file query13.txt (compact mmCIF, C-alpha atoms)
# COMPACT_ATOMS: atom_id res chain seq x y z
CA ILE A 1 43.59 -43.85 53.79
CA LYS A 2 43.29 -47.55 52.88
CA PHE A 3 44.81 -49.60 50.05
CA VAL A 4 44.70 -53.19 48.81
CA GLY A 5 47.99 -54.90 47.98
CA LYS A 6 50.29 -57.92 48.14
CA VAL A 7 52.71 -58.65 50.97
CA LYS A 8 56.44 -58.92 50.19
CA LYS A 9 58.82 -60.02 52.94
CA ASN A 10 62.57 -60.23 53.32
CA LYS A 11 64.58 -61.24 56.40
CA LYS A 12 63.94 -58.11 58.44
CA THR A 13 61.19 -56.06 56.82
CA THR A 14 57.70 -56.39 55.39
CA PHE A 15 56.40 -54.29 52.51
CA VAL A 16 53.13 -54.18 50.62
CA VAL A 17 52.94 -53.52 46.90
CA VAL A 18 49.53 -51.93 46.34
CA ASP A 19 47.27 -52.84 43.43
CA ASN A 20 46.60 -49.22 42.50
CA GLN A 21 48.92 -48.61 39.55
CA LYS A 22 48.93 -44.88 40.23
CA ILE A 23 50.87 -45.52 43.45
CA HIS A 24 54.55 -45.92 42.57
CA VAL A 25 55.95 -46.64 46.04
CA ASP A 26 55.83 -49.67 48.31
CA PHE A 27 54.44 -49.35 51.82
CA TYR A 28 56.64 -50.28 54.78
CA ILE A 29 54.58 -52.30 57.23
CA LYS A 30 54.86 -51.49 60.90
CA GLY A 31 52.19 -52.78 63.24
CA GLY A 32 48.82 -54.34 62.63
CA LEU A 33 48.19 -57.94 61.62
CA VAL A 34 50.93 -60.36 60.59
CA ALA A 35 50.59 -61.82 57.09
CA ASP A 36 52.67 -64.21 54.99
CA SER A 37 54.37 -63.26 51.72
CA ASP A 38 52.04 -63.18 48.70
CA SER A 39 49.01 -62.56 50.91
CA LYS A 40 46.47 -60.03 49.70
CA VAL A 41 45.78 -57.53 52.47
CA ILE A 42 44.14 -54.22 53.25
CA ILE A 43 46.51 -51.66 54.73
CA GLU A 44 45.97 -48.30 56.38
CA LEU A 45 48.44 -45.44 55.96
CA THR A 46 49.92 -44.40 59.30
CA LYS A 47 52.89 -42.18 58.49
CA TRP A 48 54.63 -40.57 55.54
CA GLU A 49 57.12 -38.02 56.76
CA ASN A 50 60.74 -37.64 55.60
CA THR A 51 60.98 -41.33 54.72
CA LYS A 52 61.57 -43.12 51.45
CA SER A 53 58.52 -45.30 51.95
CA PRO A 54 55.19 -44.50 53.57
CA GLN A 55 54.40 -46.50 56.70
CA ALA A 56 51.22 -48.53 57.04
CA LYS A 57 49.67 -51.27 59.11
CA ILE A 58 47.79 -54.35 57.92
CA ILE A 59 44.18 -54.17 59.05
CA GLU A 60 42.70 -57.14 57.17
CA ILE A 61 44.05 -60.29 55.50
CA LEU A 62 42.06 -61.31 52.42
CA GLY A 63 43.93 -64.53 51.58
CA ASN A 64 46.49 -65.86 49.12
CA ALA A 65 47.05 -63.62 46.11
CA ASN A 66 46.94 -66.62 43.75
CA ASP A 67 43.38 -67.49 44.77
CA ASN A 68 40.78 -66.33 42.24
CA ASP A 69 38.15 -65.35 44.83
CA VAL A 70 40.74 -63.37 46.76
CA GLU A 71 41.77 -61.47 43.62
CA MET A 72 38.16 -60.71 42.70
CA ASN A 73 37.38 -59.55 46.23
CA SER A 74 40.49 -57.36 46.10
CA ILE A 75 39.24 -55.66 42.95
CA MET A 76 35.83 -55.10 44.52
CA ILE A 77 37.35 -53.61 47.67
CA GLU A 78 39.73 -51.37 45.69
CA TYR A 79 36.84 -49.88 43.71
CA ASN A 80 34.45 -49.86 46.68
CA LEU A 81 32.12 -52.45 45.14
CA SER A 82 29.90 -54.76 47.15
CA ALA A 83 27.80 -57.70 45.99
CA LYS A 84 25.96 -57.59 49.32
CA PHE A 85 23.08 -55.34 50.27
CA SER A 86 22.27 -54.07 53.73
CA ASP A 87 19.70 -55.95 55.81
CA GLU A 88 17.38 -52.93 55.54
CA VAL A 89 17.51 -52.94 51.71
CA ILE A 90 16.95 -56.72 51.59
CA GLU A 91 14.03 -56.41 54.01
CA GLU A 92 12.45 -53.68 51.89
CA SER A 93 12.93 -55.66 48.67
CA ASN A 94 11.38 -58.79 50.19
CA LYS A 95 8.19 -56.81 50.85
CA ILE A 96 7.69 -56.17 47.12
CA SER A 97 4.80 -58.28 45.84
CA THR A 98 5.59 -60.66 42.99
CA LEU A 99 1.89 -60.83 42.04
CA ILE A 100 0.53 -58.73 39.18
CA SER A 101 -2.95 -57.43 39.90
CA GLU A 102 -5.78 -57.51 37.37
CA ASP A 103 -6.11 -53.74 37.78
CA GLU A 104 -2.50 -53.28 36.64
CA ILE A 105 -2.97 -55.65 33.69
CA LYS A 106 -5.99 -53.61 32.51
CA LYS A 107 -3.76 -50.50 32.32
CA ARG A 108 -1.37 -52.21 29.90
CA ARG A 109 -1.31 -53.53 26.36
CA ASP A 110 -1.40 -57.32 26.62
CA PHE A 111 1.19 -59.27 24.60
CA ARG A 112 0.96 -62.53 26.56
CA ASN A 113 -0.56 -64.45 23.64
CA ILE A 114 2.07 -63.22 21.13
CA ASN A 115 5.17 -65.31 20.39
CA THR A 116 7.91 -63.76 22.52
CA PHE A 117 11.48 -64.77 23.37
CA THR A 118 14.83 -63.56 24.68
CA ILE A 119 18.31 -63.99 23.15
CA ASP A 120 21.19 -63.57 25.59
CA PRO A 121 24.70 -64.86 26.35
CA ILE A 122 24.86 -68.43 27.60
CA ASP A 123 26.02 -67.26 31.05
CA ALA A 124 23.43 -64.49 31.45
CA LYS A 125 21.90 -64.28 34.93
CA ASP A 126 19.07 -61.89 34.13
CA PHE A 127 17.09 -61.07 31.02
CA ASP A 128 16.03 -57.46 30.60
CA ASP A 129 14.89 -57.36 26.96
CA ALA A 130 12.71 -59.54 24.74
CA LEU A 131 11.32 -59.56 21.21
CA SER A 132 7.88 -60.53 19.94
CA ILE A 133 6.58 -60.84 16.38
CA GLU A 134 3.23 -61.44 14.74
CA LYS A 135 2.07 -61.35 11.10
CA ILE A 136 -0.75 -58.91 10.40
CA ASP A 137 -2.09 -58.71 6.82
CA ASN A 138 0.91 -57.68 4.67
CA TYR A 139 3.21 -56.49 7.45
CA TYR A 140 4.78 -57.61 10.74
CA ARG A 141 4.24 -56.23 14.23
CA ILE A 142 7.44 -56.39 16.24
CA GLY A 143 7.52 -55.75 19.98
CA ILE A 144 10.76 -54.65 21.61
CA HIS A 145 10.15 -55.15 25.30
CA ILE A 146 12.25 -53.85 28.21
CA ALA A 147 11.66 -54.88 31.82
CA ASP A 148 9.59 -52.25 33.64
CA VAL A 149 11.86 -51.82 36.67
CA SER A 150 10.24 -48.47 37.48
CA PHE A 151 7.00 -50.20 38.48
CA TYR A 152 8.80 -51.88 41.38
CA LEU A 153 11.54 -49.36 42.12
CA LYS A 154 9.84 -46.38 43.73
CA GLU A 155 11.42 -42.99 44.42
CA ASN A 156 12.71 -42.13 47.90
CA THR A 157 12.98 -45.75 49.02
CA LEU A 158 16.06 -47.48 50.42
CA ILE A 159 16.30 -49.63 47.27
CA ASP A 160 16.18 -46.52 45.06
CA ASP A 161 18.89 -44.80 47.12
CA GLU A 162 21.08 -47.92 46.95
CA ALA A 163 20.58 -48.24 43.17
CA LEU A 164 21.48 -44.57 42.74
CA SER A 165 24.70 -45.01 44.71
CA ARG A 166 25.66 -48.07 42.62
CA SER A 167 24.60 -46.46 39.31
CA THR A 168 24.75 -49.72 37.33
CA SER A 169 25.45 -53.42 37.57
CA ILE A 170 29.15 -54.17 37.11
CA TYR A 171 30.33 -57.27 35.27
CA LEU A 172 33.61 -58.84 36.38
CA VAL A 173 35.21 -61.86 34.71
CA ASP A 174 33.40 -64.43 36.83
CA ARG A 175 30.60 -62.57 38.60
CA VAL A 176 28.18 -59.67 38.59
CA VAL A 177 27.99 -56.90 41.17
CA PRO A 178 24.26 -56.10 40.85
CA MET A 179 22.63 -52.70 41.05
CA LEU A 180 19.44 -54.19 42.52
CA PRO A 181 18.76 -56.99 45.03
CA GLU A 182 18.37 -60.47 43.56
CA ILE A 183 14.59 -60.62 43.97
CA LEU A 184 14.40 -57.73 41.48
CA SER A 185 17.37 -58.27 39.16
CA ASN A 186 17.09 -62.07 38.80
CA ASN A 187 13.40 -62.57 39.45
CA ILE A 188 10.49 -60.19 39.00
CA CYS A 189 12.38 -57.77 36.71
CA SER A 190 13.94 -60.59 34.67
CA LEU A 191 12.04 -61.66 31.55
CA ILE A 192 12.41 -65.38 32.23
CA PRO A 193 10.37 -67.90 30.23
CA ASP A 194 6.86 -68.99 31.24
CA LYS A 195 6.27 -66.04 33.57
CA ASP A 196 4.09 -62.95 33.16
CA ARG A 197 6.30 -59.86 33.30
CA LEU A 198 5.65 -56.11 33.25
CA THR A 199 7.47 -54.25 30.49
CA TYR A 200 7.86 -50.99 28.61
CA SER A 201 7.61 -51.61 24.90
CA VAL A 202 8.25 -50.09 21.51
CA VAL A 203 5.91 -51.71 18.98
CA ILE A 204 6.90 -51.32 15.34
CA ASP A 205 4.83 -52.23 12.27
CA ILE A 206 7.25 -53.06 9.45
CA ASP A 207 6.81 -54.44 5.91
CA ASP A 208 8.87 -56.95 3.94
CA ASN A 209 11.15 -54.19 2.64
CA GLY A 210 12.13 -53.05 6.14
CA ASP A 211 10.03 -49.88 5.89
CA ILE A 212 8.44 -48.67 9.13
CA LEU A 213 4.67 -48.20 8.83
CA ASN A 214 3.65 -47.34 12.38
CA GLU A 215 5.06 -47.03 15.91
CA TRP A 216 3.58 -47.32 19.41
CA TYR A 217 5.12 -46.79 22.86
CA GLY A 218 3.79 -47.72 26.26
CA ARG A 219 3.44 -50.06 29.20
CA THR A 220 2.81 -53.71 28.41
CA ILE A 221 2.67 -57.18 29.90
CA ILE A 222 4.40 -60.12 28.20
CA HIS A 223 4.90 -63.85 28.67
CA SER A 224 8.20 -65.07 27.22
CA ASN A 225 7.82 -68.43 25.50
CA LYS A 226 11.49 -69.31 25.25
CA ARG A 227 15.00 -68.30 26.22
CA PHE A 228 17.57 -68.58 23.40
CA THR A 229 21.31 -68.28 23.83
CA TYR A 230 23.18 -66.45 21.08
CA GLU A 231 24.64 -69.79 20.03
CA GLU A 232 21.21 -71.43 19.74
CA ALA A 233 19.85 -68.54 17.71
CA GLN A 234 22.93 -68.64 15.47
CA ASP A 235 22.40 -72.35 14.79
CA ILE A 236 18.88 -71.54 13.60
CA ILE A 237 20.12 -68.73 11.35
CA GLU A 238 23.28 -70.36 10.05
CA TYR A 239 22.40 -74.07 9.94
CA ASN A 240 18.61 -73.91 9.64
CA HIS A 241 18.23 -75.74 12.97
CA GLU A 242 14.53 -76.36 13.60
CA THR A 243 13.03 -75.82 17.04
CA ASN A 244 10.17 -73.98 18.70
CA LEU A 245 10.03 -70.36 17.40
CA SER A 246 12.86 -70.98 14.89
CA SER A 247 10.79 -69.47 12.06
CA GLU A 248 10.31 -66.29 14.14
CA VAL A 249 14.07 -66.03 14.75
CA LYS A 250 14.81 -66.37 11.02
CA LEU A 251 12.15 -63.84 10.12
CA LEU A 252 13.48 -61.27 12.62
CA ASN A 253 17.01 -61.87 11.33
CA ASN A 254 15.93 -61.14 7.74
CA LEU A 255 14.19 -57.95 8.83
CA ALA A 256 17.21 -56.93 10.92
CA LYS A 257 19.46 -57.27 7.86
CA LYS A 258 17.15 -55.02 5.84
CA LEU A 259 17.09 -52.43 8.64
CA ARG A 260 20.89 -52.55 8.89
CA SER A 261 21.30 -52.13 5.14
CA LYS A 262 19.06 -49.06 5.16
CA ARG A 263 20.87 -47.63 8.18
CA ILE A 264 24.31 -48.03 6.61
CA SER A 265 23.17 -46.61 3.27
CA ASN A 266 21.98 -43.54 5.21
CA GLY A 267 25.47 -42.96 6.61
CA SER A 268 25.52 -45.00 9.81
CA ILE A 269 28.94 -46.29 10.89
CA GLU A 270 29.19 -50.06 11.17
CA MET A 271 31.52 -51.15 13.97
CA ASP A 272 32.02 -54.89 13.58
CA GLY A 273 34.58 -55.64 16.28
CA ALA A 274 35.38 -58.77 18.24
CA GLU A 275 34.58 -59.04 21.94
CA VAL A 276 37.26 -60.18 24.36
CA LYS A 277 36.09 -63.18 26.41
CA PHE A 278 37.72 -65.26 29.12
CA LYS A 279 37.67 -69.04 29.44
CA LEU A 280 37.33 -70.07 33.10
CA ASP A 281 38.23 -73.33 34.80
CA ASP A 282 36.04 -75.12 37.35
CA ALA A 283 37.28 -72.74 40.06
CA LYS A 284 36.24 -69.77 37.85
CA LYS A 285 39.86 -68.80 37.37
CA PRO A 286 40.69 -67.33 33.92
CA VAL A 287 42.88 -69.77 31.99
CA SER A 288 42.81 -68.26 28.50
CA VAL A 289 41.54 -65.33 26.45
CA TYR A 290 39.72 -65.55 23.15
CA PHE A 291 37.96 -63.20 20.76
CA LYS A 292 34.26 -63.66 20.09
CA LYS A 293 33.18 -62.25 16.75
CA GLN A 294 29.77 -60.68 16.41
CA LYS A 295 27.49 -62.95 14.39
CA ASP A 296 23.99 -62.54 12.98
CA SER A 297 22.30 -63.50 16.26
CA ASN A 298 24.17 -60.71 18.08
CA LYS A 299 23.44 -58.22 15.30
CA LEU A 300 19.76 -59.17 15.32
CA ILE A 301 19.34 -58.06 18.94
CA GLU A 302 21.60 -55.04 18.44
CA GLU A 303 19.55 -53.86 15.44
CA PHE A 304 16.19 -53.96 17.18
CA MET A 305 17.50 -52.38 20.37
CA LEU A 306 19.01 -49.60 18.26
CA LEU A 307 15.69 -49.23 16.42
CA ALA A 308 13.88 -48.89 19.75
CA ASN A 309 16.32 -46.24 20.99
CA LYS A 310 16.06 -44.22 17.77
CA SER A 311 12.28 -44.45 17.76
CA VAL A 312 11.95 -43.34 21.38
CA ALA A 313 14.37 -40.43 20.75
CA LYS A 314 12.24 -39.25 17.82
CA PHE A 315 9.07 -39.62 19.89
CA ILE A 316 10.51 -37.56 22.76
CA LYS A 317 11.64 -34.88 20.32
CA SER A 318 8.19 -34.74 18.75
CA LYS A 319 6.64 -34.13 22.20
CA LEU A 320 9.25 -31.85 23.80
CA GLY A 321 10.90 -30.26 20.79
CA PHE A 322 14.30 -31.62 21.80
CA CYS A 323 16.03 -34.85 22.82
CA VAL A 324 19.23 -35.43 24.76
CA ASN A 325 21.92 -36.98 22.57
CA ARG A 326 25.33 -38.34 23.45
CA VAL A 327 27.92 -36.58 21.29
CA HIS A 328 31.44 -37.95 21.07
CA PRO A 329 34.20 -35.31 21.05
CA LYS A 330 36.62 -35.06 18.15
CA PRO A 331 39.54 -37.52 18.37
CA ASP A 332 42.69 -36.33 20.12
CA LEU A 333 45.40 -36.00 17.45
CA ASP A 334 48.21 -36.97 19.83
CA LYS A 335 46.38 -40.15 20.78
CA LEU A 336 45.69 -40.94 17.11
CA ASN A 337 49.37 -40.56 16.31
CA GLU A 338 50.28 -42.87 19.18
CA LEU A 339 47.76 -45.40 17.90
CA LYS A 340 49.34 -45.31 14.44
CA LYS A 341 52.67 -46.33 15.93
CA ILE A 342 51.30 -49.58 17.33
CA SER A 343 48.72 -50.44 14.65
call {"tool": "encode", "arguments": {"input": "query13.txt", "output": "structure tokens"}}
result
Amino acid sequence: IKFVGKVKKNKKTTFVVVDNQKIHVDFYIKGGLVADSDSKVIIELTKWENTKSPQAKIIEILGNANDNDVEMNSIMIEYNLSAKFSDEVIEESNKISTLISEDEIKKRRDFRNINTFTIDPIDAKDFDDALSIEKIDNYYRIGIHIADVSFYLKENTLIDDEALSRSTSIYLVDRVVPMLPEILSNNICSLIPDKDRLTYSVVIDIDDNGDILNEWYGRTIIHSNKRFTYEEAQDIIEYNHETNLSSEVKLLNNLAKKLRSKRISNGSIEMDGAEVKFKLDDAKKPVSVYFKKQKDSNKLIEEFMLLANKSVAKFIKSKLGFCVNRVHPKPDLDKLNELKKIS
């Protein structure tokens, strides 16, 4: 059994205080590598019989506990996370063609000539959803596009097995532990500007009142014209900042507000909370914490992604007669009472 922890030394003995908060004892170090106090290390349990403290040996020294990279690596080791992929997975991913054949394009609805853009956090590394909009007669056609990872990620491949074992990408304070190799997550499955990209799309026809007139679902190809950050989109909405596609952003924001108003009037719960964010120094070490309030640019994306999810759920139910829903259990009364004490 292995643990990650910090070395504590006195004159005669060495102990390690493990990071796992469920472990309430220190480990007496006997054997293995020699590390200085305040070093982050990996230890291996060797003995725990009729002694106050379990015995362990140091098998790897990670570095000084005050170093940000060391702390992040410690977290990743503790939870068995790895930013690296095996040579075999990398080799398989490098064989995936980045070219989109004309035969594949013919199978898809083509949105490459429609104004399309992404809105993401300023520090986003990959872009997996995009919006498009076009005016048609007296209504608007909105495309909600999601990267078509399934086209590249085939069943029973090494990449598929690795993605299954990772389950999801994991976001730490200063880095991402990706589910897929970089050529997929940051390149051909990322809806970056000025590149043709394969997508799955929900296409909604909607009028000025926010009423849905028609829906379509299927495989598409898009060409994003621009990448907005949430801050840039908010400047357009809040301060009428003019730039390429600013009118499309404002139009989508107005439609999103109408959709939200209808949703809330129909009984939807509005959770308007603040997101906890960390300010990092040049060494990517957290130096302060701040709260980031959800603004219209965030709500715009949230509203159309929610619309896409609801529409797809209804479509699946119409075809299969049922749809899988996530149902939250009733609140635990003891936990609610504890919450009241601190609120």
call {"tool": "closest_residue", "arguments": {"input": "query13.txt", "among": "A:Ala124, A:Ile90, A:Leu33, A:Met72", "to": "A:Arg227", "atoms": "only C-alpha atoms"}}
result
A:Ala124
call {"tool": "residues_around", "arguments": {"input": "query13.txt", "residues": "A:Lys299", "least_positions_apart": "6", "cutoff": "9 Å", "atoms": "all atoms listed in the file", "output": "list in words"}}
result
Asn253, Ala256, Lys257 and Arg260 of chain A
call {"tool": "residues_around", "arguments": {"input": "query13.txt", "residues": "stretch 231-244 of chain A", "least_positions_apart": "5", "cutoff": "7 Å", "atoms": "only C-alpha atoms", "output": "VMD selection string"}}
result
chain A and resid 249 to 250 296 to 297
call {"tool": "closest_residue", "arguments": {"input": "query13.txt", "among": "A:Asn187, A:Lys341, A:Ile136, A:Asn80", "to": "A:Ser97", "atoms": "only C-alpha atoms"}}
result
A:Asn187
call {"tool": "closest_residue", "arguments": {"input": "query13.txt", "among": "A:Lys319, A:Arg141, A:Arg219, A:Lys310", "to": "A:Leu252", "atoms": "all atoms listed in the file"}}
result
A:Arg141
call {"tool": "closest_residue", "arguments": {"input": "query13.txt", "among": "A:Ile146, A:Leu45, A:Ile105, A:Leu255", "to": "A:Ile133", "atoms": "all atoms listed in the file"}}
result
A:Leu255
call {"tool": "atom_distance", "arguments": {"input": "query13.txt", "atom1": "atom CA of A:Glu71", "atom2": "atom CA of A:Glu44"}}
result
18.8 Å
call {"tool": "residues_around", "arguments": {"input": "query13.txt", "residues": "stretch 325-335 of chain A", "least_positions_apart": "2", "cutoff": "12 Å", "atoms": "all atoms listed in the file", "output": "JSON, numbers by chain"}}
result
{"A": [309, 310, 312, 313, 314, 316, 317, 322, 323, 337, 338, 339, 340, 341, 342]}
call {"tool": "closest_atom_pairs", "arguments": {"input": "query13.txt", "of": "stretch 28-68 of chain A", "to": "stretch 267-287 of chain A", "cutoff": "10 Å", "atoms": "all atoms listed in the file", "output": "JSON lines"}}
result
{"residue": "A:Asn66", "atom": "CA", "partner": "A:Lys285", "partner_atom": "CA", "distance": 9.8}
{"residue": "A:Asp67", "atom": "CA", "partner": "A:Lys285", "partner_atom": "CA", "distance": 8.3}
{"residue": "A:Asn68", "atom": "CA", "partner": "A:Lys285", "partner_atom": "CA", "distance": 5.5}
call {"tool": "write_last_selection", "arguments": {"input": "query13.txt", "atoms": "C-alpha atoms", "output": "PDB file, keeping the file's coordinate frame"}}
result
ATOM      1  CA  ASN A  66      46.940 -66.620  43.750  1.00  0.00           C
ATOM      2  CA  ASP A  67      43.380 -67.490  44.770  1.00  0.00           C
ATOM      3  CA  ASN A  68      40.780 -66.330  42.240  1.00  0.00           C
TER       4      ASN A  68
END
call {"tool": "build_atoms", "arguments": {"input": "query13.txt", "residues": "stretch 118-149 of chain A", "atoms": "N, CA and C atoms", "output": "compact mmCIF listing (two decimals), keeping the file's coordinate frame"}}
result
# COMPACT_ATOMS: atom_id res chain seq x y z
N THR A 118 13.61 -64.32 24.39
CA THR A 118 14.83 -63.56 24.68
C THR A 118 16.01 -64.24 23.99
N ILE A 119 17.04 -63.45 23.66
CA ILE A 119 18.31 -63.99 23.15
C ILE A 119 19.42 -63.31 23.95
N ASP A 120 20.18 -64.12 24.69
CA ASP A 120 21.19 -63.57 25.59
C ASP A 120 22.42 -64.47 25.61
N PRO A 121 23.51 -64.00 26.19
CA PRO A 121 24.70 -64.86 26.35
C PRO A 121 24.37 -66.10 27.16
N ILE A 122 25.13 -67.16 26.94
CA ILE A 122 24.86 -68.43 27.60
C ILE A 122 24.98 -68.33 29.12
N ASP A 123 25.81 -67.39 29.60
CA ASP A 123 26.02 -67.26 31.05
C ASP A 123 25.23 -66.11 31.65
N ALA A 124 24.23 -65.61 30.94
CA ALA A 124 23.43 -64.49 31.45
C ALA A 124 22.66 -64.91 32.69
N LYS A 125 22.61 -64.01 33.68
CA LYS A 125 21.90 -64.28 34.93
C LYS A 125 20.52 -63.62 34.95
N ASP A 126 20.36 -62.57 34.19
CA ASP A 126 19.07 -61.89 34.13
C ASP A 126 18.78 -61.51 32.69
N PHE A 127 17.52 -61.31 32.39
CA PHE A 127 17.09 -61.07 31.02
C PHE A 127 16.21 -59.82 31.00
N ASP A 128 16.76 -58.73 30.49
CA ASP A 128 16.03 -57.46 30.60
C ASP A 128 15.40 -56.99 29.30
N ASP A 129 15.57 -57.75 28.21
CA ASP A 129 14.89 -57.36 26.96
C ASP A 129 14.41 -58.60 26.23
N ALA A 130 13.32 -58.43 25.49
CA ALA A 130 12.71 -59.54 24.74
C ALA A 130 12.12 -59.00 23.45
N LEU A 131 11.92 -59.91 22.50
CA LEU A 131 11.32 -59.56 21.21
C LEU A 131 10.07 -60.40 21.00
N SER A 132 9.06 -59.78 20.36
CA SER A 132 7.88 -60.53 19.94
C SER A 132 7.59 -60.19 18.48
N ILE A 133 6.91 -61.10 17.78
CA ILE A 133 6.58 -60.84 16.38
C ILE A 133 5.28 -61.54 16.03
N GLU A 134 4.47 -60.86 15.26
CA GLU A 134 3.23 -61.44 14.74
C GLU A 134 2.98 -60.91 13.33
N LYS A 135 2.40 -61.74 12.48
CA LYS A 135 2.07 -61.35 11.10
C LYS A 135 0.68 -60.77 11.08
N ILE A 136 0.55 -59.57 10.50
CA ILE A 136 -0.75 -58.91 10.40
C ILE A 136 -0.91 -58.44 8.95
N ASP A 137 -1.86 -59.04 8.24
CA ASP A 137 -2.09 -58.71 6.82
C ASP A 137 -0.76 -58.80 6.05
N ASN A 138 -0.31 -57.67 5.50
CA ASN A 138 0.91 -57.68 4.67
C ASN A 138 2.10 -57.03 5.38
N TYR A 139 2.07 -57.05 6.70
CA TYR A 139 3.21 -56.49 7.45
C TYR A 139 3.38 -57.28 8.75
N TYR A 140 4.45 -56.94 9.48
CA TYR A 140 4.78 -57.61 10.74
C TYR A 140 4.74 -56.61 11.89
N ARG A 141 4.25 -57.07 13.02
CA ARG A 141 4.24 -56.23 14.23
C ARG A 141 5.30 -56.78 15.19
N ILE A 142 6.32 -55.97 15.42
CA ILE A 142 7.44 -56.39 16.24
C ILE A 142 7.39 -55.63 17.56
N GLY A 143 7.45 -56.35 18.65
CA GLY A 143 7.52 -55.75 19.98
C GLY A 143 8.93 -55.83 20.53
N ILE A 144 9.44 -54.70 20.96
CA ILE A 144 10.76 -54.65 21.61
C ILE A 144 10.48 -54.29 23.06
N HIS A 145 10.63 -55.26 23.93
CA HIS A 145 10.15 -55.15 25.30
C HIS A 145 11.32 -55.05 26.28
N ILE A 146 11.24 -54.07 27.18
CA ILE A 146 12.25 -53.85 28.21
C ILE A 146 11.59 -53.98 29.58
N ALA A 147 12.23 -54.68 30.48
CA ALA A 147 11.66 -54.88 31.82
C ALA A 147 11.30 -53.55 32.48
N ASP A 148 10.09 -53.48 33.01
CA ASP A 148 9.59 -52.25 33.64
C ASP A 148 10.03 -52.21 35.11
N VAL A 149 11.30 -51.88 35.31
CA VAL A 149 11.86 -51.82 36.67
C VAL A 149 11.20 -50.70 37.47
